[in-house]
>>> print(open('query.cif').read())   # mmCIF, C-alpha atoms
data_my_file
#
loop_
_atom_site.label_atom_id
_atom_site.label_comp_id
_atom_site.auth_asym_id
_atom_site.auth_seq_id
_atom_site.Cartn_x
_atom_site.Cartn_y
_atom_site.Cartn_z
CA MET A 282 -16.72 17.31 -15.21
CA THR A 283 -13.98 19.61 -16.31
CA ASN A 284 -10.52 18.53 -15.41
CA ASN A 285 -7.85 21.19 -15.40
CA ARG A 286 -5.08 18.63 -15.08
CA LYS A 287 -3.75 16.48 -17.83
CA SER A 288 -4.92 12.89 -17.68
CA THR A 289 -1.94 10.55 -17.38
CA PRO A 290 -2.71 7.15 -18.90
CA PRO A 291 0.95 6.26 -19.55
CA ALA A 292 1.67 6.40 -15.79
CA ILE A 293 -0.75 3.53 -15.17
CA LEU A 294 0.52 1.56 -18.12
CA SER A 295 4.14 1.79 -17.16
CA PRO A 296 4.13 -0.25 -13.90
CA LEU A 297 1.72 -2.78 -15.39
CA ARG A 298 3.92 -3.09 -18.44
CA PHE A 299 6.89 -3.73 -16.16
CA CYS A 300 4.86 -6.30 -14.28
CA LEU A 301 3.82 -8.02 -17.50
CA LEU A 302 7.45 -8.15 -18.57
CA LEU A 303 8.49 -9.65 -15.22
CA ALA A 304 5.64 -12.18 -15.40
CA VAL A 305 6.62 -13.24 -18.92
CA VAL A 306 10.29 -13.58 -17.95
CA TYR A 307 9.39 -15.51 -14.80
CA THR A 308 6.99 -17.87 -16.60
CA THR A 309 9.52 -18.45 -19.37
CA LEU A 310 12.20 -19.27 -16.81
CA LEU A 311 9.81 -21.65 -15.04
CA PHE A 312 9.46 -23.69 -18.21
CA VAL A 313 12.95 -23.28 -19.65
CA LEU A 314 15.18 -23.88 -16.64
CA PRO A 315 15.93 -27.53 -15.85
CA ALA A 316 13.58 -29.30 -13.45
CA ASN A 317 14.79 -30.07 -9.95
CA LYS A 318 15.66 -33.75 -9.65
CA ILE A 319 14.95 -33.99 -5.91
CA ALA A 320 11.44 -32.63 -6.36
CA MET A 321 10.79 -34.79 -9.43
CA GLN A 322 11.79 -37.90 -7.52
CA ALA A 323 9.85 -36.91 -4.41
CA TYR A 324 6.59 -36.38 -6.33
CA HIS A 325 7.22 -38.92 -9.13
CA LEU A 326 6.98 -36.33 -11.86
CA ALA A 327 8.20 -36.15 -15.44
CA PRO A 328 9.99 -32.88 -16.35
CA THR A 329 6.91 -31.49 -18.17
CA GLN A 330 4.65 -32.36 -15.26
CA TYR A 331 7.13 -30.72 -12.90
CA HIS A 332 7.11 -27.46 -14.90
CA ILE A 333 3.31 -27.38 -15.12
CA LEU A 334 2.95 -28.07 -11.40
CA LEU A 335 5.49 -25.35 -10.62
CA PHE A 336 3.53 -22.91 -12.80
CA VAL A 337 0.27 -23.77 -11.03
CA VAL A 338 1.96 -23.25 -7.66
CA VAL A 339 3.37 -19.81 -8.54
CA LEU A 340 0.34 -18.58 -10.51
CA PRO A 341 -1.31 -16.95 -7.45
CA LEU A 342 1.94 -15.10 -6.77
CA ILE A 343 2.09 -13.78 -10.33
CA LEU A 344 -1.51 -12.56 -10.05
CA ILE A 345 -0.60 -10.75 -6.82
CA TRP A 346 2.24 -9.02 -8.66
CA PHE A 347 -0.35 -7.50 -10.98
CA ALA A 348 -2.54 -6.39 -8.06
CA ALA A 349 0.52 -4.90 -6.33
CA PHE A 350 1.83 -3.07 -9.40
CA TYR A 351 -1.65 -1.79 -10.24
CA SER A 352 -2.18 -0.47 -6.71
CA TYR A 353 1.16 1.31 -6.59
CA ALA A 354 0.44 2.84 -10.00
CA LYS A 355 -2.91 4.14 -8.75
CA LEU A 356 -1.44 5.44 -5.50
CA ASP A 357 1.41 7.05 -7.39
CA GLN A 358 -1.05 8.81 -9.72
CA TYR A 359 -2.94 10.20 -6.74
CA ALA A 360 0.28 11.21 -4.98
CA GLN A 361 1.52 13.06 -8.07
CA LEU A 362 -1.82 14.82 -8.36
CA ILE A 363 -1.54 16.29 -4.86
CA SER A 364 2.26 16.44 -4.61
CA LYS A 365 2.28 20.21 -3.96
CA THR A 366 -0.23 20.10 -1.10
CA PRO A 367 0.76 19.80 2.59
CA GLU A 368 -0.02 16.07 2.73
CA GLY A 369 1.23 15.45 -0.83
CA GLY A 370 4.76 14.52 0.23
CA ASP A 371 3.42 11.92 2.65
CA PHE A 372 1.35 10.26 -0.08
CA VAL A 373 4.40 10.31 -2.37
CA GLU A 374 6.26 8.41 0.37
CA LEU A 375 3.37 5.94 0.75
CA ALA A 376 3.35 5.33 -3.00
CA ARG A 377 7.14 4.81 -2.96
CA GLY A 378 6.81 2.35 -0.10
CA VAL A 379 4.08 0.36 -1.84
CA ARG A 380 6.24 0.37 -4.99
CA TRP A 381 9.09 -1.23 -3.01
CA LEU A 382 6.67 -3.85 -1.66
CA ALA A 383 5.43 -4.60 -5.20
CA TRP A 384 8.96 -4.98 -6.54
CA GLY A 385 9.80 -6.90 -3.37
CA LEU A 386 7.34 -9.57 -4.42
CA ALA A 387 8.76 -9.97 -7.91
CA ILE A 388 12.54 -9.58 -7.57
CA PRO A 389 13.22 -12.27 -4.90
CA SER A 390 11.02 -14.73 -6.83
CA LEU A 391 12.93 -14.14 -10.04
CA LEU A 392 16.25 -14.26 -8.28
CA SER A 393 15.27 -17.41 -6.44
CA ILE A 394 14.30 -19.33 -9.57
CA ILE A 395 17.53 -18.38 -11.35
CA LEU A 396 19.83 -19.09 -8.40
CA ASN A 397 18.07 -22.34 -7.48
CA SER A 398 18.40 -23.49 -11.06
CA ILE A 399 22.17 -22.90 -10.90
CA ALA A 400 22.22 -24.78 -7.60
CA ASN A 401 20.45 -27.70 -9.28
CA SER A 402 23.42 -28.30 -11.52
CA ARG A 403 26.05 -27.18 -8.98
CA PRO A 404 24.99 -28.43 -5.51
CA GLY A 405 27.78 -26.42 -3.84
CA PHE A 406 26.00 -23.27 -4.93
CA LEU A 407 22.80 -24.03 -2.94
CA SER A 408 23.98 -22.16 0.15
CA THR A 409 24.83 -19.04 -1.90
CA ALA A 410 21.43 -19.25 -3.62
CA LEU A 411 19.51 -19.50 -0.36
CA ILE A 412 21.54 -16.83 1.43
CA THR A 413 21.12 -14.37 -1.46
CA THR A 414 17.37 -15.05 -1.74
CA ASN A 415 16.93 -14.69 2.02
CA TYR A 416 18.72 -11.33 2.08
CA PHE A 417 16.76 -9.96 -0.89
CA SER A 418 13.50 -11.15 0.66
CA LEU A 419 14.43 -9.18 3.78
CA LEU A 420 15.98 -6.07 2.28
CA ILE A 421 13.27 -4.91 -0.11
CA PRO A 422 10.31 -5.08 2.34
CA LEU A 423 12.56 -3.51 5.01
CA ILE A 424 13.02 -0.47 2.79
CA GLY A 425 9.33 -0.53 1.80
CA PHE A 426 8.06 -0.62 5.38
CA SER A 427 10.44 2.13 6.46
CA ILE A 428 9.26 4.42 3.66
CA ILE A 429 5.57 3.65 4.29
CA ARG A 430 6.14 4.38 7.97
CA LYS A 431 7.67 7.76 7.11
CA GLY A 432 4.65 8.64 4.95
CA ALA A 433 2.12 7.42 7.51
CA GLN A 434 3.91 9.30 10.29
CA GLY A 435 3.83 12.47 8.19
CA LEU A 436 0.08 12.15 7.69
CA THR A 437 -0.61 11.80 11.41
CA GLU A 438 1.71 14.71 12.18
CA HIS A 439 -0.09 16.93 9.66
CA ALA A 440 -3.40 15.96 11.26
CA LYS A 441 -1.86 16.57 14.72
CA LEU A 442 -2.66 13.00 15.80
CA ARG A 443 -0.51 11.24 18.35
CA LEU A 444 0.05 7.67 19.46
CA ASN A 445 -1.95 7.23 22.68
CA SER A 446 -0.81 5.00 25.54
CA GLY A 447 -3.46 2.33 24.81
CA SER A 448 -2.35 1.97 21.19
CA ALA A 449 1.32 2.00 22.19
CA GLN A 450 0.63 -0.83 24.63
CA THR A 451 -1.20 -2.87 21.94
CA ILE A 452 1.65 -2.36 19.46
CA MET A 453 4.19 -3.41 22.08
CA ILE A 454 2.26 -6.56 23.00
CA VAL A 455 1.80 -7.58 19.34
CA PHE A 456 5.46 -6.88 18.63
CA VAL A 457 6.77 -8.76 21.66
CA VAL A 458 4.56 -11.81 20.97
CA LEU A 459 5.54 -11.82 17.29
CA GLY A 460 9.22 -11.26 18.04
CA VAL A 461 9.49 -13.91 20.74
CA ALA A 462 7.62 -16.50 18.64
CA PHE A 463 9.81 -15.68 15.64
CA CYS A 464 13.05 -16.01 17.64
CA PHE A 465 11.83 -19.24 19.27
CA PHE A 466 11.11 -20.92 15.93
CA ILE A 467 14.36 -19.69 14.36
CA PHE A 468 16.55 -20.68 17.32
CA ARG A 469 15.05 -24.18 17.33
CA GLN A 470 16.82 -24.76 14.01
CA LEU A 471 20.20 -23.42 15.07
CA ASN A 472 23.15 -24.98 16.79
CA LEU A 473 23.38 -22.57 19.71
CA HIS A 474 26.46 -24.31 21.16
CA SER A 475 28.61 -22.70 18.49
CA PHE A 476 27.91 -19.13 17.43
CA SER A 477 30.22 -19.45 14.45
CA SER A 478 28.65 -22.65 13.11
CA SER A 479 26.79 -22.25 9.84
CA ASN A 480 25.47 -25.79 9.94
CA ASN A 481 21.82 -24.74 9.77
CA PRO A 482 19.11 -24.29 7.10
CA TYR A 483 20.11 -20.62 6.64
CA PHE A 484 23.78 -21.45 5.96
CA LEU A 485 24.86 -18.55 8.17
CA PRO A 486 26.80 -18.43 11.46
CA VAL A 487 24.43 -17.78 14.35
CA TRP A 488 25.90 -14.35 15.15
CA LEU A 489 25.48 -13.26 11.53
CA LEU A 490 21.95 -14.63 11.37
CA ILE A 491 20.97 -12.72 14.50
CA SER A 492 22.58 -9.44 13.47
CA THR A 493 21.70 -9.39 9.77
CA ILE A 494 18.47 -11.38 9.53
CA ILE A 495 16.61 -11.51 12.85
CA VAL A 496 17.26 -7.94 14.05
CA PRO A 497 16.48 -6.31 10.64
CA TYR A 498 13.29 -8.40 10.35
CA LEU A 499 12.17 -7.30 13.81
CA TYR A 500 12.94 -3.69 12.91
CA ALA A 501 11.01 -4.01 9.63
CA TRP A 502 7.99 -5.49 11.37
CA PHE A 503 8.03 -2.83 14.06
CA SER A 504 8.11 -0.18 11.31
CA GLY A 505 5.26 -2.00 9.57
CA LEU A 506 3.20 -2.13 12.76
CA LEU A 507 3.73 1.58 13.42
CA ALA A 508 2.88 2.45 9.81
CA ALA A 509 -0.28 0.35 9.98
CA HIS A 510 -1.28 2.02 13.23
CA ASP A 511 -0.61 5.54 11.93
CA LEU A 512 -2.58 4.94 8.74
CA ALA A 513 -5.51 3.46 10.65
CA LEU A 514 -5.44 6.41 13.06
CA TYR A 515 -5.35 8.95 10.24
CA SER A 516 -8.16 7.29 8.32
CA LYS A 517 -10.30 7.19 11.47
CA HIS A 518 -9.87 10.82 12.48
CA VAL A 519 -9.34 12.74 9.25
CA SER A 520 -12.09 15.22 8.32
CA GLY A 521 -14.34 14.85 5.31
CA VAL A 522 -17.03 12.20 4.90
CA PHE A 523 -16.02 11.24 1.35
CA TYR A 524 -12.31 11.70 1.98
CA ARG A 525 -12.49 9.50 5.06
CA GLN A 526 -14.36 6.74 3.18
CA ALA A 527 -11.65 6.63 0.54
CA MET A 528 -8.86 6.92 3.09
CA ARG A 529 -10.28 4.00 5.10
CA LEU A 530 -10.08 1.78 2.04
CA LEU A 531 -6.54 2.91 1.33
CA ALA A 532 -5.45 2.49 4.94
CA GLY A 533 -7.27 -0.84 5.35
CA GLY A 534 -5.63 -2.12 2.18
CA THR A 535 -2.18 -1.00 3.26
CA VAL A 536 -2.65 -2.56 6.71
CA ALA A 537 -3.69 -5.88 5.09
CA VAL A 538 -0.67 -5.74 2.77
CA ILE A 539 1.71 -5.01 5.66
CA ALA A 540 0.17 -7.73 7.88
CA SER A 541 0.29 -10.35 5.12
CA SER A 542 3.86 -9.36 4.16
CA VAL A 543 4.94 -9.77 7.78
CA ALA A 544 3.15 -13.14 7.95
CA ILE A 545 4.83 -14.38 4.76
CA GLN A 546 8.27 -13.17 5.87
CA CYS A 547 7.78 -14.79 9.26
CA LEU A 548 6.70 -18.08 7.73
CA ARG A 549 9.48 -18.06 5.14
CA SER A 550 12.06 -17.52 7.87
CA VAL A 551 10.66 -19.97 10.39
CA ILE A 552 10.29 -22.66 7.72
CA PRO A 553 13.51 -22.21 5.74
CA ARG A 554 13.56 -22.35 1.96
CA SER A 555 14.53 -25.71 0.49
CA GLY A 556 15.49 -24.35 -2.91
CA HIS A 557 13.02 -26.56 -4.75
CA LEU A 558 9.30 -27.20 -5.16
CA SER A 559 7.75 -28.37 -1.92
CA LEU A 560 4.07 -29.30 -1.68
CA SER A 561 3.31 -29.00 2.00
CA ALA A 562 0.88 -27.45 4.45
CA THR A 563 3.10 -24.36 4.38
CA LEU A 564 2.17 -23.82 0.74
CA VAL A 565 -1.53 -23.85 1.65
CA ILE A 566 -0.97 -21.34 4.46
CA ILE A 567 1.12 -19.12 2.19
CA ASN A 568 -1.64 -19.14 -0.42
CA ILE A 569 -4.22 -18.16 2.20
CA ILE A 570 -1.97 -15.26 3.20
CA TYR A 571 -1.60 -14.35 -0.49
CA VAL A 572 -5.39 -14.06 -0.75
CA ILE A 573 -5.33 -11.53 2.12
CA MET A 574 -2.48 -9.69 0.44
CA ALA A 575 -4.34 -9.56 -2.88
CA ALA A 576 -7.45 -8.26 -1.11
CA GLY A 577 -5.26 -5.62 0.54
CA PHE A 578 -3.78 -4.45 -2.74
CA ILE A 579 -7.26 -4.33 -4.32
CA MET A 580 -8.63 -2.27 -1.40
CA LEU A 581 -5.63 0.02 -1.65
CA SER A 582 -6.27 0.53 -5.38
CA ILE A 583 -9.95 1.30 -4.83
CA GLY A 584 -9.12 3.77 -2.05
CA ALA A 585 -6.45 5.50 -4.14
CA ASN A 586 -8.86 5.64 -7.07
CA LYS A 587 -11.56 7.25 -4.93
CA LEU A 588 -9.11 9.82 -3.56
CA LYS A 589 -7.95 10.55 -7.08
CA LYS A 590 -11.52 11.05 -8.21
CA ILE A 591 -12.04 13.66 -5.47
CA GLU A 592 -9.12 15.61 -6.94
CA GLU A 593 -10.36 15.31 -10.50
CA ILE A 594 -14.02 16.30 -10.33
CA MET B 98 -14.42 45.94 1.83
CA ALA B 99 -16.17 44.00 -0.94
CA ARG B 100 -13.01 41.98 -1.49
CA LEU B 101 -12.81 41.09 2.18
CA SER B 102 -16.43 39.96 2.12
CA ASP B 103 -15.82 37.82 -0.99
CA SER B 104 -12.82 36.26 0.66
CA MET B 105 -14.87 35.52 3.76
CA LEU B 106 -17.54 33.89 1.63
CA TYR B 107 -14.91 31.71 -0.04
CA ASP B 108 -13.61 30.70 3.40
CA GLN B 109 -17.12 29.84 4.55
CA VAL B 110 -17.74 27.70 1.46
CA VAL B 111 -14.44 25.87 2.07
CA LYS B 112 -15.35 25.44 5.74
CA VAL B 113 -18.67 23.77 4.83
CA THR B 114 -16.93 21.65 2.18
CA TYR B 115 -14.26 20.56 4.67
CA VAL B 116 -16.89 18.48 6.46
CA TYR B 117 -17.36 16.41 3.29
CA LEU B 118 -14.03 16.50 1.51
CA GLY B 119 -11.56 17.06 4.33
CA PRO B 120 -8.09 18.18 3.24
CA ALA B 121 -9.24 18.19 -0.40
CA ALA B 122 -11.91 20.86 0.29
CA ASP B 123 -10.07 24.01 -0.77
CA ARG B 124 -8.67 22.38 -3.91
CA PHE B 125 -12.15 21.16 -4.82
CA ILE B 126 -13.74 24.59 -4.41
CA ASP B 127 -10.88 26.26 -6.29
CA ARG B 128 -11.44 23.93 -9.24
CA GLN B 129 -15.19 24.45 -9.30
CA VAL B 130 -14.87 28.23 -9.19
CA GLN B 131 -12.06 28.42 -11.73
CA ASN B 132 -13.46 25.89 -14.18
CA HIS B 133 -17.17 26.64 -14.02
CA LEU B 134 -17.37 30.26 -12.93
CA ASN B 135 -14.16 31.27 -14.70
CA LYS B 136 -12.90 33.50 -11.94
CA PRO B 137 -10.25 33.35 -9.21
CA PRO B 138 -11.59 31.52 -6.14
CA GLN B 139 -11.00 34.49 -3.83
CA GLN B 140 -13.41 36.55 -5.95
CA LEU B 141 -16.32 34.24 -5.31
CA SER B 142 -19.40 36.40 -4.66
CA ARG B 143 -22.81 35.74 -3.19
CA GLU B 144 -24.30 36.05 -6.71
CA ASP B 145 -22.17 33.13 -7.89
CA LEU B 146 -23.23 30.82 -5.12
CA LEU B 147 -26.39 29.30 -6.63
CA SER B 148 -24.56 28.46 -9.80
CA LEU B 149 -21.63 27.08 -7.80
CA ILE B 150 -23.94 24.93 -5.69
CA ASP B 151 -25.41 23.40 -8.84
CA TRP B 152 -21.95 22.50 -10.09
CA ILE B 153 -20.95 21.15 -6.69
CA ARG B 154 -24.10 19.01 -6.57
CA VAL B 155 -23.21 17.50 -9.97
CA ALA B 156 -19.58 16.95 -8.94
CA VAL B 157 -20.35 15.36 -5.58
CA SER B 158 -22.96 13.09 -7.18
CA LEU B 159 -20.05 11.51 -9.01
CA LEU B 160 -18.50 10.55 -5.68
CA THR B 161 -21.54 9.02 -4.02
CA GLU B 162 -24.93 7.56 -4.80
CA ASP B 163 -26.22 8.74 -1.45
CA SER B 164 -28.43 11.65 -2.56
CA GLU B 165 -29.26 12.54 1.05
CA ILE B 166 -25.72 13.51 1.85
CA VAL B 167 -25.44 15.47 -1.40
CA GLU B 168 -28.59 17.40 -0.55
CA GLU B 169 -27.41 17.96 3.01
CA TYR B 170 -24.18 19.47 1.67
CA ALA B 171 -26.08 21.60 -0.86
CA ALA B 172 -28.49 22.80 1.86
CA GLN B 173 -25.60 23.98 4.01
CA LEU B 174 -24.17 25.90 1.08
CA HIS B 175 -27.63 27.38 0.37
CA GLN B 176 -27.61 28.84 3.86
CA LEU B 177 -24.55 30.85 2.83
CA ALA B 178 -26.42 32.06 -0.26
CA ALA B 179 -29.29 33.39 1.80
CA PRO B 180 -29.26 37.13 2.67
CA HIS B 181 -27.25 37.84 5.77
CA ASP B 182 -30.19 38.47 8.16
CA LYS B 183 -31.96 35.29 7.03
CA ALA B 184 -28.80 33.35 7.46
CA LYS B 185 -28.48 34.69 10.95
CA LYS B 186 -32.05 33.58 11.79
CA ALA B 187 -31.32 30.16 10.36
#
>>> encode(input="query.cif", output="structure tokens")
Amino acid sequence: MTNNRKSTPPAILSPLRFCLLLAVVYTTLLFVLPANKIAMQAYHLAPTQYHILLFVVVLPLILIWFAAFYSYAKLDQYAQLISKTPEGGDFVELARGVRWLAWGLAIPSLLSIILNSIANSRPGFLSTALITTNYFSLLIPLIGFSIIRKGAQGLTEHAKLRLNSGSAQTIMIVFVVLGVAFCFFIFRQLNLHSFSSSNNPYFLPVWLLISTIIVPYLYAWFSGLLAAHDLALYSKHVSGVFYRQAMRLLAGGTVAVIASSVAIQCLRSVIPRSGHLSLSATLVIINIIYVIMAAGFIMLSIGANKLKKIEEI
Amino acid sequence: MARLSDSMLYDQVVKVTYVYLGPAADRFIDRQVQNHLNKPPQQLSREDLLSLIDWIRVAVSLLTEDSEIVEEYAAQLHQLAAPHDKAKKA
């Protein structure tokens, strides 16, 4: 079919090229940086074995980076294609939000491996490493969810769809259950007798932890829940048989990505980072969540691709 | 008067297409008319419709393998191509 718009192959290459670069840097650091002595002793590993095991453990994460960067590239291509239409701006926001989530997977991982390596040789630095990693792990998805929410809200407003009382109730129940469980598990690890004590796995005084970690996380998750709801609502009610099919994939994918991101963030907060390799049941759960996240990014890519095709034929 | 009628026809084609392509409907029709009929979309005439339907059928076949839905869409557009009185009876 004739296409009156220029095809844009470099746009798809660019994010993937970035991702490849990040993956190469990350893998190189995995093998080059000194092995953690605590982990080597705990699992009776030689340095080479430690590095290989670490690589095997993080390999699923690196693969998800590719899925995430590919999906944001696809969504971005579609958003640029329709940027001048009434719903174009909302898709641009969605693409920006997914881009933040994609970078939010890579940056904290890279930062973590570098800072933890410094902490290996300078034990006093461990608290700084963990605090910095925790804040980056919070900040980037917080921005991503907020932007996705803005885009999703715009789509429902354009379609004149509103949050009904039943959905609002469901969102509130999910949020309250999630929030209370999250606070319960976090508070169990804190010394609540002294609000200024930073003698806890987060190395932060309780008041600072509540105001700069717990509250922002709850806000991010509420934004994520609302965004997921708005996207699901839009994809359910929007007109157009083919458009709706594609939109359902895109919305379903985004919802899976948001849900799995929330689950990972929740788990990472409830079970604090140790700063070194830890083979535990948590790792298995995290990998299961990663599979859901990967499936979400793949669905999102397919949906964006289908929407793009509608605009190109 | 002719221009108004052409414009109405364009609107009707977009209206039918909206059922299948939703918010992308007007952009889709604009592209088909501009690229295949080489004229501004608002000047779409009844004489162009059969040719346009053929192009639309080809284009939509790229989106789905469900030939039934493609034919259903084409049939609805064919109703617009029919003379006015026949269309009314239909």
>>> interface_residues(input="query.cif", of="chain B", to="chain A", cutoff="6 Å", atoms="all atoms listed in the file", output="PyMOL selection string")
chain B and resi 115-119+156
>>> resolve_selection(input="query.cif", expression="the PyMOL selection byres ((chain A and resi 322-332) around 10)", output="PyMOL selection string")
chain A and resi 308+310-321+333-338+558-560
>>> axis_aligned_box(input="query.cif", around="stretch 130-138 of chain B", padding_each_side="5 Å", output="AutoDock Vina command-line options")
--center_x -13.8 --center_y 29.7 --center_z -10.4 --size_x 17.1 --size_y 17.6 --size_z 18.6
>>> closest_residue(input="query.cif", among="A:Asn480, A:Ser475, A:Ser408, A:Thr535", to="A:Ala349", atoms="only C-alpha atoms")
A:Thr535
>>> atom_distance(input="query.cif", atom1="atom CA of A:Ile467", atom2="atom CA of A:Val551")
5.4 Å
>>> atom_distance(input="query.cif", atom1="atom CA of A:Leu375", atom2="atom CA of A:Ile428")
6.7 Å
>>> atom_distance(input="query.cif", atom1="atom CA of A:Arg380", atom2="atom CA of A:Thr451")
28.1 Å
>>> resolve_selection(input="query.cif", expression="the PyMOL selection byres ((chain B and resi 171) around 12)", output="PyMOL selection string")
chain B and resi 110+113-114+117+146-158+164-170+172-178
>>> resolve_selection(input="query.cif", expression="the PyMOL selection byres ((chain B and resi 139) around 7)", output="PyMOL selection string")
chain B and resi 103-104+107+137-138+140-141
>>> write_last_selection(input="query.cif", atoms="C-alpha atoms", output="PDB file, in the coordinates of the input")
ATOM      1  CA  ASP B 103     -15.820  37.820  -0.990  1.00  0.00           C
ATOM      2  CA  SER B 104     -12.820  36.260   0.660  1.00  0.00           C
ATOM      3  CA  TYR B 107     -14.910  31.710  -0.040  1.00  0.00           C
ATOM      4  CA  PRO B 137     -10.250  33.350  -9.210  1.00  0.00           C
ATOM      5  CA  PRO B 138     -11.590  31.520  -6.140  1.00  0.00           C
ATOM      6  CA  GLN B 140     -13.410  36.550  -5.950  1.00  0.00           C
ATOM      7  CA  LEU B 141     -16.320  34.240  -5.310  1.00  0.00           C
TER       8      LEU B 141
END
>>> closest_residue(input="query.cif", among="A:Ala354, A:Leu423, A:Val457, A:Ala527", to="A:Gly505", atoms="all atoms listed in the file")
A:Leu423
>>> residues_around(input="query.cif", residues="A:Gln434", least_positions_apart="5", cutoff="9 Å", atoms="all atoms listed in the file", output="PyMOL selection string")
chain A and resi 371+429+439+507-508+511-512
>>> closest_residue(input="query.cif", among="A:Tyr571, A:Tyr416, A:Tyr515, A:Phe468", to="A:Val339", atoms="only C-alpha atoms")
A:Tyr571
>>> build_atoms(input="query.cif", residues="stretch 149-163 of chain B", atoms="N, CA and C atoms", output="PDB file, keeping the file's coordinate frame")
ATOM      1  N   LEU B 149     -22.680  27.950  -8.357  1.00  0.00           N
ATOM      2  CA  LEU B 149     -21.630  27.080  -7.800  1.00  0.00           C
ATOM      3  C   LEU B 149     -22.230  25.843  -7.122  1.00  0.00           C
ATOM      4  N   ILE B 150     -23.313  26.063  -6.392  1.00  0.00           N
ATOM      5  CA  ILE B 150     -23.940  24.930  -5.690  1.00  0.00           C
ATOM      6  C   ILE B 150     -24.423  23.874  -6.693  1.00  0.00           C
ATOM      7  N   ASP B 151     -24.970  24.351  -7.803  1.00  0.00           N
ATOM      8  CA  ASP B 151     -25.410  23.400  -8.840  1.00  0.00           C
ATOM      9  C   ASP B 151     -24.246  22.560  -9.347  1.00  0.00           C
ATOM     10  N   TRP B 152     -23.124  23.230  -9.602  1.00  0.00           N
ATOM     11  CA  TRP B 152     -21.950  22.500 -10.090  1.00  0.00           C
ATOM     12  C   TRP B 152     -21.424  21.537  -9.028  1.00  0.00           C
ATOM     13  N   ILE B 153     -21.444  22.008  -7.783  1.00  0.00           N
ATOM     14  CA  ILE B 153     -20.950  21.150  -6.690  1.00  0.00           C
ATOM     15  C   ILE B 153     -21.844  19.907  -6.547  1.00  0.00           C
ATOM     16  N   ARG B 154     -23.163  20.148  -6.679  1.00  0.00           N
ATOM     17  CA  ARG B 154     -24.100  19.010  -6.570  1.00  0.00           C
ATOM     18  C   ARG B 154     -23.785  17.957  -7.638  1.00  0.00           C
ATOM     19  N   VAL B 155     -23.541  18.428  -8.863  1.00  0.00           N
ATOM     20  CA  VAL B 155     -23.210  17.500  -9.970  1.00  0.00           C
ATOM     21  C   VAL B 155     -21.890  16.765  -9.651  1.00  0.00           C
ATOM     22  N   ALA B 156     -20.907  17.543  -9.204  1.00  0.00           N
ATOM     23  CA  ALA B 156     -19.580  16.950  -8.940  1.00  0.00           C
ATOM     24  C   ALA B 156     -19.649  15.908  -7.826  1.00  0.00           C
ATOM     25  N   VAL B 157     -20.313  16.271  -6.735  1.00  0.00           N
ATOM     26  CA  VAL B 157     -20.350  15.360  -5.580  1.00  0.00           C
ATOM     27  C   VAL B 157     -21.177  14.108  -5.895  1.00  0.00           C
ATOM     28  N   SER B 158     -22.164  14.264  -6.774  1.00  0.00           N
ATOM     29  CA  SER B 158     -22.960  13.090  -7.180  1.00  0.00           C
ATOM     30  C   SER B 158     -22.102  12.038  -7.863  1.00  0.00           C
ATOM     31  N   LEU B 159     -20.963  12.483  -8.384  1.00  0.00           N
ATOM     32  CA  LEU B 159     -20.050  11.510  -9.010  1.00  0.00           C
ATOM     33  C   LEU B 159     -19.278  10.705  -7.959  1.00  0.00           C
ATOM     34  N   LEU B 160     -19.247  11.231  -6.736  1.00  0.00           N
ATOM     35  CA  LEU B 160     -18.500  10.550  -5.680  1.00  0.00           C
ATOM     36  C   LEU B 160     -19.363   9.571  -4.894  1.00  0.00           C
ATOM     37  N   THR B 161     -20.666   9.847  -4.836  1.00  0.00           N
ATOM     38  CA  THR B 161     -21.540   9.020  -4.020  1.00  0.00           C
ATOM     39  C   THR B 161     -22.914   8.855  -4.663  1.00  0.00           C
ATOM     40  N   GLU B 162     -23.553   7.759  -4.324  1.00  0.00           N
ATOM     41  CA  GLU B 162     -24.930   7.560  -4.800  1.00  0.00           C
ATOM     42  C   GLU B 162     -25.916   7.958  -3.711  1.00  0.00           C
ATOM     43  N   ASP B 163     -25.385   8.346  -2.570  1.00  0.00           N
ATOM     44  CA  ASP B 163     -26.220   8.740  -1.450  1.00  0.00           C
ATOM     45  C   ASP B 163     -26.705  10.177  -1.669  1.00  0.00           C
TER      46      ASP B 163
END
